[in-house]
Every structure is written in structure tokens, then in C-alpha cells.
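Raw contents of structure.txt, compact mmCIF, C-alpha atoms:
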```txt
# COMPACT_ATOMS: atom_id res chain seq x y z
CA MET A 1 -25.60 -31.37 -5.73
CA THR A 2 -28.21 -28.74 -6.39
CA ARG A 3 -25.73 -26.09 -5.35
CA ARG A 4 -23.06 -27.43 -7.61
CA LEU A 5 -25.35 -27.47 -10.60
CA HIS A 6 -26.54 -24.02 -9.74
CA THR A 7 -23.02 -22.55 -9.73
CA CYS A 8 -22.22 -24.11 -13.06
CA LEU A 9 -25.26 -22.66 -14.73
CA PRO A 10 -24.83 -19.58 -16.87
CA GLY A 11 -26.89 -16.54 -16.05
CA PRO A 12 -26.91 -13.72 -13.59
CA ARG A 13 -24.45 -13.99 -10.78
CA THR A 14 -25.89 -13.95 -7.34
CA ALA A 15 -24.28 -13.65 -3.97
CA HIS A 16 -25.49 -17.16 -3.25
CA ALA A 17 -23.95 -18.55 -6.41
CA LEU A 18 -20.59 -16.96 -5.73
CA ALA A 19 -20.56 -18.06 -2.13
CA ALA A 20 -21.30 -21.57 -3.28
CA ALA A 21 -18.60 -21.30 -5.91
CA ILE A 22 -16.03 -20.28 -3.35
CA ALA A 23 -17.13 -22.86 -0.80
CA ALA A 24 -17.17 -25.62 -3.35
CA THR A 25 -13.89 -24.91 -5.10
CA ALA A 26 -12.71 -28.48 -4.79
CA LEU A 27 -15.94 -29.91 -6.14
CA LEU A 28 -15.95 -27.50 -9.01
CA ALA A 29 -12.52 -28.34 -10.34
CA GLY A 30 -14.12 -30.47 -13.02
CA CYS A 31 -16.98 -28.15 -13.88
CA ALA A 32 -15.43 -24.87 -14.92
CA SER A 33 -17.61 -24.67 -17.99
CA PRO A 34 -17.10 -21.76 -20.37
CA GLN A 35 -20.37 -20.31 -19.05
CA ALA A 36 -19.22 -20.21 -15.43
CA PRO A 37 -18.77 -16.61 -14.34
CA VAL A 38 -15.27 -15.18 -14.32
CA THR A 39 -15.11 -13.44 -10.98
CA ASP A 40 -11.63 -11.95 -11.21
CA ARG A 41 -8.97 -11.13 -13.76
CA VAL A 42 -5.42 -9.89 -13.27
CA VAL A 43 -3.07 -8.65 -15.99
CA LEU A 44 0.57 -7.84 -15.40
CA LEU A 45 1.55 -4.85 -17.51
CA PRO A 46 5.02 -4.21 -18.93
CA GLN A 47 7.11 -2.31 -16.41
CA THR A 48 8.13 1.16 -17.54
CA GLY A 49 11.81 0.88 -18.37
CA GLY A 50 11.45 -2.85 -18.94
CA SER A 51 12.71 -3.96 -15.52
CA ALA A 52 11.61 -7.25 -13.99
CA SER A 53 8.21 -7.31 -12.39
CA ALA A 54 5.81 -9.85 -10.96
CA VAL A 55 2.66 -10.37 -8.96
CA GLU A 56 1.77 -13.33 -6.79
CA LEU A 57 -1.85 -14.34 -6.49
CA VAL A 58 -3.54 -16.38 -3.80
CA ALA A 59 -7.14 -17.52 -4.14
CA GLY A 60 -8.80 -20.22 -2.09
CA GLY A 61 -5.50 -21.97 -1.36
CA GLN A 62 -4.35 -21.76 -4.97
CA ARG A 63 -1.23 -19.78 -5.87
CA LEU A 64 -0.14 -18.34 -9.16
CA ARG A 65 2.81 -16.12 -10.05
CA LEU A 66 2.70 -13.81 -13.06
CA ASP A 67 6.13 -12.57 -14.13
CA GLN A 68 5.98 -11.84 -17.85
CA PRO A 69 4.49 -8.74 -19.48
CA TYR A 70 0.81 -9.38 -20.27
CA ALA A 71 0.78 -12.60 -18.26
CA SER A 72 -2.73 -12.86 -16.96
CA ALA A 73 -4.81 -14.82 -14.48
CA VAL A 74 -8.47 -15.70 -14.46
CA LEU A 75 -10.55 -16.84 -11.50
CA GLN A 76 -13.52 -18.75 -12.84
CA ALA A 77 -15.88 -20.74 -10.64
CA GLY A 78 -13.24 -20.67 -7.95
CA VAL A 79 -10.48 -22.03 -10.17
CA LEU A 80 -7.42 -19.84 -10.63
CA SER A 81 -5.74 -20.35 -13.98
CA ALA A 82 -3.03 -18.70 -16.05
CA ALA A 83 -3.81 -16.95 -19.30
CA THR A 84 -2.16 -14.40 -21.53
CA SER A 85 -3.26 -11.02 -22.71
CA ASP A 86 -1.69 -8.52 -25.07
CA ALA A 87 -1.43 -4.79 -25.65
CA ALA A 88 -4.44 -4.66 -27.98
CA THR A 89 -6.71 -6.55 -25.59
CA VAL A 90 -5.63 -4.40 -22.65
CA ALA A 91 -6.24 -1.23 -24.68
CA GLN A 92 -9.69 -2.45 -25.72
CA ARG A 93 -10.79 -3.73 -22.31
CA TYR A 94 -9.05 -1.23 -20.03
CA GLY A 95 -8.46 1.81 -22.23
CA ALA A 96 -11.03 3.92 -20.36
CA LEU A 97 -9.42 2.93 -17.07
CA LEU A 98 -5.85 3.67 -18.11
CA ALA A 99 -6.89 7.00 -19.65
CA VAL A 100 -7.65 8.33 -16.15
CA GLN A 101 -4.39 7.17 -14.55
CA PRO A 102 -2.65 10.08 -12.81
CA ALA A 103 0.57 11.41 -14.29
CA ARG A 104 3.69 9.59 -13.19
CA PRO A 105 5.80 11.65 -10.81
CA ARG A 106 8.62 13.52 -12.50
CA SER A 107 11.83 14.63 -10.83
CA PHE A 108 14.07 17.60 -11.48
CA VAL A 109 17.46 18.19 -9.95
CA ILE A 110 18.08 21.91 -9.89
CA PRO A 111 21.76 22.87 -9.69
CA PHE A 112 22.65 25.55 -7.18
CA GLU A 113 25.96 27.05 -6.21
CA ALA A 114 27.99 25.11 -3.66
CA ASN A 115 27.63 26.45 -0.12
CA ALA A 116 25.22 29.12 -1.27
CA ASN A 117 21.52 29.30 -1.78
CA ARG A 118 21.79 30.76 -5.26
CA LEU A 119 20.77 29.05 -8.44
CA THR A 120 23.35 28.59 -11.13
CA PRO A 121 22.55 30.08 -14.55
CA ALA A 122 21.89 26.54 -15.77
CA ALA A 123 18.87 26.38 -13.45
CA ALA A 124 16.71 28.90 -15.33
CA PRO A 125 15.58 26.66 -18.22
CA LEU A 126 14.97 23.79 -15.78
CA LEU A 127 12.78 26.01 -13.64
CA ALA A 128 10.82 27.08 -16.69
CA GLU A 129 10.35 23.44 -17.60
CA LEU A 130 9.25 22.65 -14.05
CA ARG A 131 6.67 25.43 -14.07
CA ALA A 132 5.37 24.28 -17.45
CA ALA A 133 5.04 20.71 -16.12
CA LEU A 134 3.19 21.98 -13.04
CA ALA A 135 0.73 23.97 -15.10
CA LEU A 136 -0.40 20.78 -16.83
CA LEU A 137 -0.97 18.77 -13.64
CA PRO A 138 -4.37 18.62 -11.96
CA ALA A 139 -4.10 19.02 -8.16
CA ALA A 140 -0.35 19.45 -8.58
CA GLU A 141 2.09 18.74 -5.76
CA VAL A 142 5.73 19.75 -5.49
CA ILE A 143 7.89 17.72 -3.14
CA VAL A 144 11.33 19.17 -2.46
CA ILE A 145 13.71 16.53 -1.13
CA GLY A 146 17.13 17.37 0.26
CA HIS A 147 20.03 14.90 0.30
CA THR A 148 23.55 14.97 1.76
CA ASP A 149 26.74 12.99 1.46
CA ARG A 150 27.92 10.85 4.40
CA VAL A 151 30.17 13.40 6.11
CA GLY A 152 28.79 13.99 9.61
CA SER A 153 26.24 12.17 11.72
CA VAL A 154 22.94 10.83 10.40
CA GLU A 155 21.10 13.35 12.60
CA ALA A 156 23.17 16.31 11.43
CA ASN A 157 22.63 15.27 7.82
CA ASP A 158 18.87 15.00 8.37
CA LYS A 159 18.88 18.62 9.49
CA LEU A 160 21.23 19.77 6.74
CA SER A 161 19.22 18.07 4.01
CA LEU A 162 16.05 19.69 5.29
CA LEU A 163 17.74 23.11 5.29
CA ARG A 164 18.81 22.58 1.69
CA ALA A 165 15.30 21.55 0.74
CA GLN A 166 13.86 24.61 2.48
CA ALA A 167 16.30 26.85 0.65
CA VAL A 168 15.27 25.35 -2.67
CA GLY A 169 11.61 25.61 -1.68
CA ASP A 170 12.14 29.33 -1.10
CA LEU A 171 13.87 29.64 -4.45
CA LEU A 172 10.92 27.95 -6.13
CA VAL A 173 8.53 30.39 -4.49
CA ALA A 174 10.73 33.29 -5.63
CA ALA A 175 10.62 31.78 -9.12
CA GLY A 176 6.83 31.88 -9.11
CA VAL A 177 5.77 28.48 -7.76
CA ASP A 178 2.74 28.62 -5.46
CA ARG A 179 4.01 27.91 -1.93
CA SER A 180 0.84 26.04 -1.00
CA LEU A 181 1.79 23.30 -3.46
CA ILE A 182 5.19 22.71 -1.87
CA THR A 183 6.17 20.12 0.72
CA VAL A 184 9.81 20.04 1.86
CA LEU A 185 11.59 17.12 3.45
CA GLY A 186 15.11 16.01 4.16
CA ARG A 187 16.25 12.44 3.62
CA GLY A 188 19.76 13.05 4.91
CA GLU A 189 22.34 10.53 3.74
CA ARG A 190 19.84 7.69 3.14
CA ALA A 191 19.68 7.94 -0.63
CA PRO A 192 23.08 8.65 -2.16
CA LEU A 193 23.35 8.94 -5.92
CA VAL A 194 26.84 7.50 -5.59
CA PRO A 195 27.23 4.98 -2.74
CA THR A 196 30.24 5.70 -0.54
CA ALA A 197 31.73 4.63 2.77
CA ASP A 198 30.78 6.72 5.80
CA GLU A 199 32.48 10.13 6.15
CA VAL A 200 33.36 10.36 2.46
CA ALA A 201 32.71 13.77 0.88
CA GLU A 202 30.90 13.33 -2.42
CA ALA A 203 29.56 16.42 -4.18
CA ARG A 204 27.15 14.44 -6.34
CA ASN A 205 25.31 13.27 -3.24
CA ARG A 206 24.73 16.83 -1.97
CA ARG A 207 21.68 17.67 -3.97
CA VAL A 208 18.05 18.65 -3.89
CA GLU A 209 15.47 16.78 -5.90
CA ILE A 210 12.20 18.40 -6.88
CA LYS A 211 9.41 15.98 -7.60
CA VAL A 212 6.24 17.12 -9.28
CA ARG A 213 3.13 15.01 -9.53
CA MET B 1 -9.20 20.87 1.92
CA PHE B 2 -8.13 18.05 4.17
CA LEU B 3 -4.60 18.68 3.02
CA GLN B 4 -4.37 22.14 4.39
CA PRO B 5 -2.63 21.31 7.68
CA ALA B 6 0.08 19.36 5.89
CA TYR B 7 0.53 22.01 3.24
CA LEU B 8 0.53 24.71 5.87
CA ALA B 9 3.22 22.90 7.86
CA ALA B 10 5.29 22.56 4.72
CA ALA B 11 4.79 26.17 3.81
CA LEU B 12 5.75 27.30 7.30
CA CYS B 13 8.89 25.19 7.21
CA ALA B 14 9.79 26.52 3.81
CA ALA B 15 9.23 30.01 5.13
CA CYS B 16 11.23 29.65 8.31
CA LEU B 17 14.76 30.93 8.54
CA PRO B 18 17.40 28.32 7.84
CA ASN B 19 18.89 27.82 11.26
CA ALA B 20 19.42 24.80 13.44
CA ALA B 21 16.53 25.51 15.81
CA HIS B 22 14.06 25.68 12.94
CA ALA B 23 15.56 22.62 11.33
CA GLN B 24 14.86 20.71 14.52
CA ALA B 25 11.25 21.86 14.44
CA ALA B 26 10.99 20.99 10.78
CA VAL B 27 12.31 17.47 11.34
CA GLY B 28 9.50 17.15 13.85
CA ALA B 29 7.11 18.47 11.23
CA ALA B 30 8.31 15.89 8.74
CA ALA B 31 7.47 13.20 11.28
CA THR B 32 4.03 14.75 11.72
CA ALA B 33 3.50 14.73 7.99
CA ALA B 34 4.28 11.00 8.02
CA ASP B 35 1.70 10.49 10.75
CA ASN B 36 -0.83 12.45 8.74
CA GLY B 37 0.03 10.21 5.85
CA ALA B 38 -1.69 7.41 7.71
CA ASN B 39 -4.89 9.47 7.43
CA ALA B 40 -4.43 11.39 4.20
CA ALA B 41 -3.08 8.56 2.12
CA GLY B 42 -3.33 10.32 -1.19
CA ILE B 43 -4.99 12.86 -3.44
CA VAL B 44 -7.51 12.44 -6.22
CA LYS B 45 -5.76 13.74 -9.32
CA ARG B 46 -8.35 12.99 -11.97
CA SER B 47 -11.99 12.08 -11.97
CA LEU B 48 -14.52 11.51 -14.70
CA GLY B 49 -18.29 11.10 -14.49
CA ASN B 50 -19.98 10.14 -11.26
CA VAL B 51 -17.47 9.48 -8.47
CA THR B 52 -18.16 9.61 -4.74
CA LEU B 53 -16.17 9.22 -1.56
CA GLU B 54 -17.73 7.88 1.60
CA ARG B 55 -16.07 8.75 4.90
CA ALA B 56 -17.63 7.99 8.27
CA GLY B 57 -21.03 7.55 6.64
CA GLN B 58 -20.87 10.87 4.76
CA VAL B 59 -20.91 10.64 0.98
CA GLN B 60 -19.51 13.46 -1.11
CA ALA B 61 -18.87 14.03 -4.80
CA VAL B 62 -15.22 13.63 -5.71
CA LYS B 63 -13.23 16.44 -7.29
CA PRO B 64 -9.54 16.53 -8.19
CA GLY B 65 -7.52 17.76 -5.22
CA MET B 66 -9.63 15.90 -2.67
CA ALA B 67 -7.70 13.91 -0.06
CA VAL B 68 -8.27 10.18 0.26
CA ARG B 69 -7.79 8.68 3.70
CA MET B 70 -7.40 5.16 4.95
CA GLY B 71 -10.87 3.63 5.22
CA ASP B 72 -12.53 5.92 2.67
CA VAL B 73 -14.78 4.16 0.17
CA LEU B 74 -14.40 5.44 -3.38
CA ARG B 75 -17.22 4.53 -5.77
CA THR B 76 -17.41 5.19 -9.49
CA GLY B 77 -20.59 5.11 -11.53
CA ALA B 78 -21.05 3.30 -14.82
CA ASP B 79 -19.60 6.38 -16.54
CA GLY B 80 -17.10 7.16 -13.79
CA ALA B 81 -13.40 6.71 -13.19
CA ALA B 82 -10.89 8.23 -10.80
CA GLY B 83 -7.12 8.38 -10.46
CA ILE B 84 -5.44 8.74 -7.08
CA THR B 85 -1.78 9.40 -6.34
CA LEU B 86 -0.77 8.10 -2.91
CA SER B 87 1.89 9.97 -0.94
CA ASP B 88 4.49 7.31 -1.84
CA ASP B 89 3.83 7.85 -5.60
CA THR B 90 1.65 4.74 -5.96
CA LEU B 91 -0.92 5.37 -8.68
CA LEU B 92 -4.35 3.81 -8.13
CA THR B 93 -6.92 4.19 -10.88
CA ALA B 94 -10.46 2.90 -10.48
CA GLY B 95 -12.43 2.24 -13.66
CA PRO B 96 -16.20 2.40 -14.22
CA GLY B 97 -18.49 0.64 -11.74
CA SER B 98 -15.82 0.27 -9.07
CA GLU B 99 -15.69 0.26 -5.32
CA LEU B 100 -12.23 0.81 -3.85
CA VAL B 101 -11.04 1.14 -0.27
CA ILE B 102 -7.53 2.02 0.93
CA SER B 103 -7.81 -0.52 3.73
CA ASP B 104 -4.35 0.01 5.14
CA TYR B 105 -1.75 2.65 4.45
CA ARG B 106 1.36 3.90 6.14
CA PHE B 107 4.29 5.73 4.59
CA ASP B 108 7.27 7.49 6.11
CA PRO B 109 8.56 9.95 3.48
CA VAL B 110 12.02 10.06 5.06
CA SER B 111 12.73 6.33 5.46
CA HIS B 112 10.28 5.12 2.77
CA ASP B 113 9.04 2.44 5.17
CA GLY B 114 5.37 1.68 4.88
CA ASN B 115 2.68 -0.61 3.62
CA VAL B 116 -0.39 -0.40 1.44
CA LEU B 117 -3.45 -2.62 1.14
CA ALA B 118 -6.04 -1.64 -1.46
CA SER B 119 -9.35 -3.48 -1.51
CA LEU B 120 -11.19 -3.63 -4.80
CA TRP B 121 -14.66 -4.81 -3.91
CA ARG B 122 -16.03 -4.28 -7.40
CA GLY B 123 -14.86 -3.11 -10.79
CA THR B 124 -11.39 -2.51 -12.17
CA LEU B 125 -8.22 -1.11 -10.67
CA SER B 126 -4.94 -0.26 -12.29
CA VAL B 127 -1.92 -0.04 -10.01
CA VAL B 128 1.52 1.44 -10.54
CA THR B 129 3.48 0.78 -7.38
CA GLY B 130 5.50 3.56 -5.77
CA LEU B 131 8.22 4.09 -3.19
CA ILE B 132 6.84 1.59 -0.65
CA GLY B 133 6.97 -1.10 -3.32
CA LYS B 134 10.42 0.00 -4.43
CA LYS B 135 11.82 -0.43 -0.93
CA ALA B 136 9.83 -3.51 0.07
CA PRO B 137 7.71 -4.99 -2.74
CA GLU B 138 5.96 -7.43 -0.40
CA LYS B 139 4.43 -4.48 1.48
CA VAL B 140 2.09 -3.68 -1.42
CA ASN B 141 -1.03 -5.80 -1.63
CA VAL B 142 -4.39 -5.69 -3.37
CA GLN B 143 -7.36 -7.82 -2.46
CA THR B 144 -10.75 -8.61 -3.96
CA ARG B 145 -13.48 -10.71 -2.39
CA SER B 146 -11.90 -13.76 -3.98
CA LEU B 147 -8.16 -13.24 -4.22
CA VAL B 148 -5.15 -11.55 -2.71
CA LEU B 149 -2.46 -10.12 -4.93
CA GLY B 150 1.06 -9.45 -3.70
CA SER B 151 3.12 -7.18 -5.90
CA ARG B 152 6.79 -7.70 -6.60
CA GLY B 153 7.49 -4.29 -8.08
CA THR B 154 5.15 -3.49 -10.78
CA GLU B 155 2.24 -2.32 -12.89
CA PHE B 156 -0.89 -4.37 -13.18
CA ILE B 157 -4.65 -4.38 -13.55
CA VAL B 158 -7.16 -6.19 -11.34
CA GLU B 159 -10.78 -6.73 -12.26
CA THR B 160 -13.44 -8.29 -10.08
CA GLY B 161 -17.13 -9.06 -10.31
CA GLY B 162 -16.91 -8.56 -6.61
CA VAL B 163 -20.26 -9.98 -5.58
CA ALA B 164 -20.29 -9.99 -1.80
CA PRO B 165 -19.80 -13.45 -0.35
```
Rendering of file as C-alpha cells:
Amino acid sequence: MTRRLHTCLPGPRTAHALAAAIAATALLAGCASPQAPVTDRVVLLPQTGGSASAVELVAGGQRLRLDQPYASAVLQAGVLSAATSDAATVAQRYGALLAVQPARPRSFVIPFEANANRLTPAAAPLLAELRAALALLPAAEVIVIGHTDRVGSVEANDKLSLLRAQAVGDLLVAAGVDRSLITVLGRGERAPLVPTADEVAEARNRRVEIKVR
Amino acid sequence: MFLQPAYLAAALCAACLPNAAHAQAAVGAAATAADNGANAAGIVKRSLGNVTLERAGQVQAVKPGMAVRMGDVLRTGADGAAGITLSDDTLLTAGPGSELVISDYRFDPVSHDGNVLASLWRGTLSVVTGLIGKKAPEKVNVQTRSLVLGSRGTEFIVETGGVAP
């Protein structure tokens, strides 16, 4: 009883109080006074692009699913409950946090001539844009990712996609990108832009993506 | 500096002549990079104020460009904050007064298979899930002392008082 009263009291949180709060979740169901410490908060943010998004929370045997933008959860005296937040509250409470979030990765697809390792004239402005984006990124990374269509074996396409990525990596270096920033990899036929049956030639799937972050 | 081997491998591959023998070697190198990914989970992109990283008992000041490995403890002061980009594009940002550990991390850049478990023992954490979450949302989890959060493809913020039990 002493413990229960203690956890319900306002004031500085102590390890003892929290341990008691967690251990006594069932007892505390009726005593989540406004003064009880909120130990945890979760806010689901709107997904960029507006696609569906959710988080599922588990705390002391309680479950809660958040699946709407700004849906929120509060864990107070061991009790998990739903709440709602909004853009203004998030900006006020977490503005300093979100201001330090790293830049979202950005992808470029640089066109180059079929069956040759030469850039097309259309590539020049894209390369300039890529270099400008890189210059603004702290601790910048460039990931060059080769892709193939589904003609040939998975293994052969892994190799081919890596060769394409290496060729584009070399072109980037020739265009002034610092080689030490570049990682090349080949994803073969795993990620087609246009899904096809096996052994179908599809030019749009033969491509190299350059991701900067 | 921890990144140098991976960068070097990439640079060597990019430099090598495009022939089948080298491609074979480079496929091997890609696999190695994935293995390294288990150690070098990500890179600090931004940091503000007092931020430290503890690895194997050694504490060092954090600067952008520093690698973050599985098991590292990132701590931010009252004026501090830090943003990390994991190798699968997951963005983890720790706000002031935080303690964050990448407790588990694995990512294969070719298959996109992997998993991530971030532990926020104190403070605030914003998460933008990346390629692991895109392929298998249930493989991205965040825990505090009091709750476990499973993402389903998403951006969210977690805050915890995080007093040790």
C-alpha cells in the first residue's frame, strides 16, 4: 500500500518509483492521477507521400496500435493509453529534435547510352544537380546501384548489374565526384522498375540508380 | 575513419576493370560490405552541442562522418542532438538528453534483408524507417525501458523518461 501511494505521488521520479509503477500496473489502473509521471510518449507522424503507416506498441501486456497521422500514445503510471497530437504540438515539443534529422536519401537515374559506358547529353544537367546536392550534405555518401532486366540467370545479372554500377561510378569520378564517397553495388534483377516474366528484355529495367545521402 | 575499409573496397571495385573476373571479386566485396554493415550500422550525419559515443568502454566526442556500430552508446547533452543515417536509409535522430543504442542491426544491401532494434534508454528519438522496413516492416523495432514499438512502415517519435528499472 505504501508503494502504491508512493507511485501515485507527484514529485521527482526515482528508479524505485518507476519499478514499483511497472510492477504494480494492475493495481494502478485506478490511480493514474494527472500528477503521475508520464514515462513514455509515442507520436506517429504523417508519412511522406501520405501512404499508410502504423506502429504497434506493447507495454506491460498492454497493446495499442497507432495508424492515423498524429495518433499518439502515453504511458503513465504503467497505463498505456491513446491520445492525439497535432502538427503544432509536435513542432513545439520536438522541433529541436526534428531540426537535426539527417537529409532523406535522394535518387538520381543517370541515362547512359545503351551497350556503352558513355553518358547521353541529357546526363550533364543531372550530374550538375547531383554534385550540387552532394555539396550540401554533411558526411555525404554516394551509393551507385546497378539493375538489370530478367534476361539471363540471376547470377549473371548480379555480375552485370555490378559492372554497370562500376562503370557509372567511374563516370561520376570523371565528372568530379570524390571516389572515396562512392559505394557501388549490383542488385541484379531483384528490383525491376517494370515487373516482367523471366527472360523478358525490358530496357527500362536496365538502369543505374545513384543515391545520395 | 571506421568507414575506410568499406569505402576503400568500394573505391577499388569502382576502379577495377570491368571484366568478369573482377565482377566476381566485387560480388564478394559486396557481401563483405554487408557483413561490415553488422558492425558499421550507420554514419552520424549531423550533431549539435555535446554528443558522445561510447564503444567498448571508450568515450569519444561525436563528429559528423563518424561510424556508429551495433552496441555503441550515443549520448546527447542537454544542449545536444544527433542525426544518424543507417546503411538501409533509416534515419535515427536523438534529441537533447538522450541515450540511444543500436542494439541489433543487420542489412544486406543486395537483398534488402535485415533487422534493426534501436533502444532509447532516455530522451527522444525520431525515426524514419528505411529499406529494411520497406521490405519487412516487422523487422524494425524500437524499445524503451517500458515499451516495445513495432513499426509498420513509417515515421514516428518516441520519448521516454527512461529511469532504469
**Asked** Quick one: distance from CA of Gly49 (chain A) to CA of Leu137 (chain A) in Å, one decimal?
**Response** 22.5 Å
**Request:** Calculate how many Å separate CA of Arg75 (chain B) from CA of Tyr105 (chain B), rounding to one decimal.
**Result:** 18.6 Å
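Residue neighbourhood of Ser153 (chain A), excluding near-sequence residues (fewer than 3 positions): Arg150, Ala156, Asn157, Asp158, Gly188, Glu189, Asp198 and Glu199 of chain A, at 10 Å, using all atoms listed in the file.
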Centre and edge lengths, as lines of an AutoDock Vina configuration file, for the axis-aligned box enclosing every listed atom of region 160-172 of chain A with 6 Å of padding on each of the six sides, in Å to one decimal?
```
center_x = 16.1
center_y = 23.9
center_z = 0.3
size_x = 22.3
size_y = 23.6
size_z = 24.9
```
**Asked** What is the distance, in Å and to one decimal place, between CA of Leu120 (chain B) and CA of Val212 (chain A)?
**Response** 27.5 Å
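Of the listed residues A:Gln68, A:Gln166, A:Ser51, A:Ser81, the one whose atoms come nearest to chain B is A:Gln166, with distances taken using all atoms listed in the file.
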Is there a way to complete region 57-86 of chain B with N, CA and C atoms and then write that out as a short mmCIF file (atom, residue, chain, number, x, y, z; two decimals), in the frame of the given file?
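Output file result.cif follows:
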```
data_model
loop_
_atom_site.label_atom_id
_atom_site.label_comp_id
_atom_site.auth_asym_id
_atom_site.auth_seq_id
_atom_site.Cartn_x
_atom_site.Cartn_y
_atom_site.Cartn_z
N GLY B 57 -19.60 7.50 6.95
CA GLY B 57 -21.03 7.55 6.64
C GLY B 57 -21.45 8.74 5.79
N GLN B 58 -20.55 9.70 5.58
CA GLN B 58 -20.87 10.87 4.76
C GLN B 58 -20.38 10.63 3.34
N VAL B 59 -21.29 10.84 2.38
CA VAL B 59 -20.91 10.64 0.98
C VAL B 59 -20.79 11.99 0.30
N GLN B 60 -19.67 12.21 -0.38
CA GLN B 60 -19.51 13.46 -1.11
C GLN B 60 -19.01 13.20 -2.52
N ALA B 61 -19.35 14.13 -3.42
CA ALA B 61 -18.87 14.03 -4.80
C ALA B 61 -17.37 14.28 -4.81
N VAL B 62 -16.68 13.53 -5.65
CA VAL B 62 -15.22 13.63 -5.71
C VAL B 62 -14.80 14.66 -6.75
N LYS B 63 -13.84 15.49 -6.35
CA LYS B 63 -13.23 16.44 -7.29
C LYS B 63 -11.71 16.28 -7.20
N PRO B 64 -11.00 16.57 -8.28
CA PRO B 64 -9.54 16.53 -8.19
C PRO B 64 -9.06 17.44 -7.07
N GLY B 65 -8.05 16.99 -6.35
CA GLY B 65 -7.52 17.76 -5.22
C GLY B 65 -8.03 17.24 -3.89
N MET B 66 -9.08 16.42 -3.91
CA MET B 66 -9.63 15.90 -2.67
C MET B 66 -8.70 14.84 -2.06
N ALA B 67 -8.55 14.89 -0.74
CA ALA B 67 -7.70 13.91 -0.06
C ALA B 67 -8.45 12.59 0.09
N VAL B 68 -7.71 11.50 0.01
CA VAL B 68 -8.27 10.18 0.26
C VAL B 68 -7.57 9.62 1.49
N ARG B 69 -8.36 9.20 2.46
CA ARG B 69 -7.79 8.68 3.70
C ARG B 69 -8.01 7.18 3.80
N MET B 70 -7.22 6.58 4.67
CA MET B 70 -7.40 5.16 4.95
C MET B 70 -8.84 4.93 5.41
N GLY B 71 -9.50 3.95 4.83
CA GLY B 71 -10.87 3.63 5.22
C GLY B 71 -11.93 4.28 4.35
N ASP B 72 -11.56 5.30 3.58
CA ASP B 72 -12.53 5.92 2.67
C ASP B 72 -12.98 4.91 1.62
N VAL B 73 -14.26 5.02 1.22
CA VAL B 73 -14.78 4.16 0.17
C VAL B 73 -15.01 5.01 -1.08
N LEU B 74 -14.26 4.72 -2.12
CA LEU B 74 -14.40 5.44 -3.38
C LEU B 74 -15.28 4.62 -4.31
N ARG B 75 -16.33 5.25 -4.85
CA ARG B 75 -17.22 4.53 -5.77
C ARG B 75 -17.33 5.29 -7.08
N THR B 76 -17.24 4.56 -8.17
CA THR B 76 -17.41 5.19 -9.49
C THR B 76 -18.67 4.64 -10.14
N GLY B 77 -19.39 5.53 -10.81
CA GLY B 77 -20.59 5.11 -11.53
C GLY B 77 -20.23 4.41 -12.83
N ALA B 78 -21.26 4.03 -13.56
CA ALA B 78 -21.05 3.30 -14.82
C ALA B 78 -20.24 4.15 -15.81
N ASP B 79 -20.34 5.47 -15.66
CA ASP B 79 -19.60 6.38 -16.54
C ASP B 79 -18.38 6.98 -15.83
N GLY B 80 -18.10 6.49 -14.63
CA GLY B 80 -17.10 7.16 -13.79
C GLY B 80 -15.74 6.48 -13.77
N ALA B 81 -14.75 7.25 -13.40
CA ALA B 81 -13.40 6.71 -13.19
C ALA B 81 -12.64 7.75 -12.38
N ALA B 82 -11.65 7.29 -11.63
CA ALA B 82 -10.89 8.23 -10.80
C ALA B 82 -9.47 7.75 -10.64
N GLY B 83 -8.54 8.69 -10.65
CA GLY B 83 -7.12 8.38 -10.46
C GLY B 83 -6.60 9.05 -9.21
N ILE B 84 -5.95 8.26 -8.36
CA ILE B 84 -5.44 8.74 -7.08
C ILE B 84 -3.92 8.55 -7.07
N THR B 85 -3.21 9.56 -6.59
CA THR B 85 -1.78 9.40 -6.34
C THR B 85 -1.57 9.34 -4.83
N LEU B 86 -1.06 8.23 -4.34
CA LEU B 86 -0.77 8.10 -2.91
C LEU B 86 0.53 8.86 -2.60
#
```
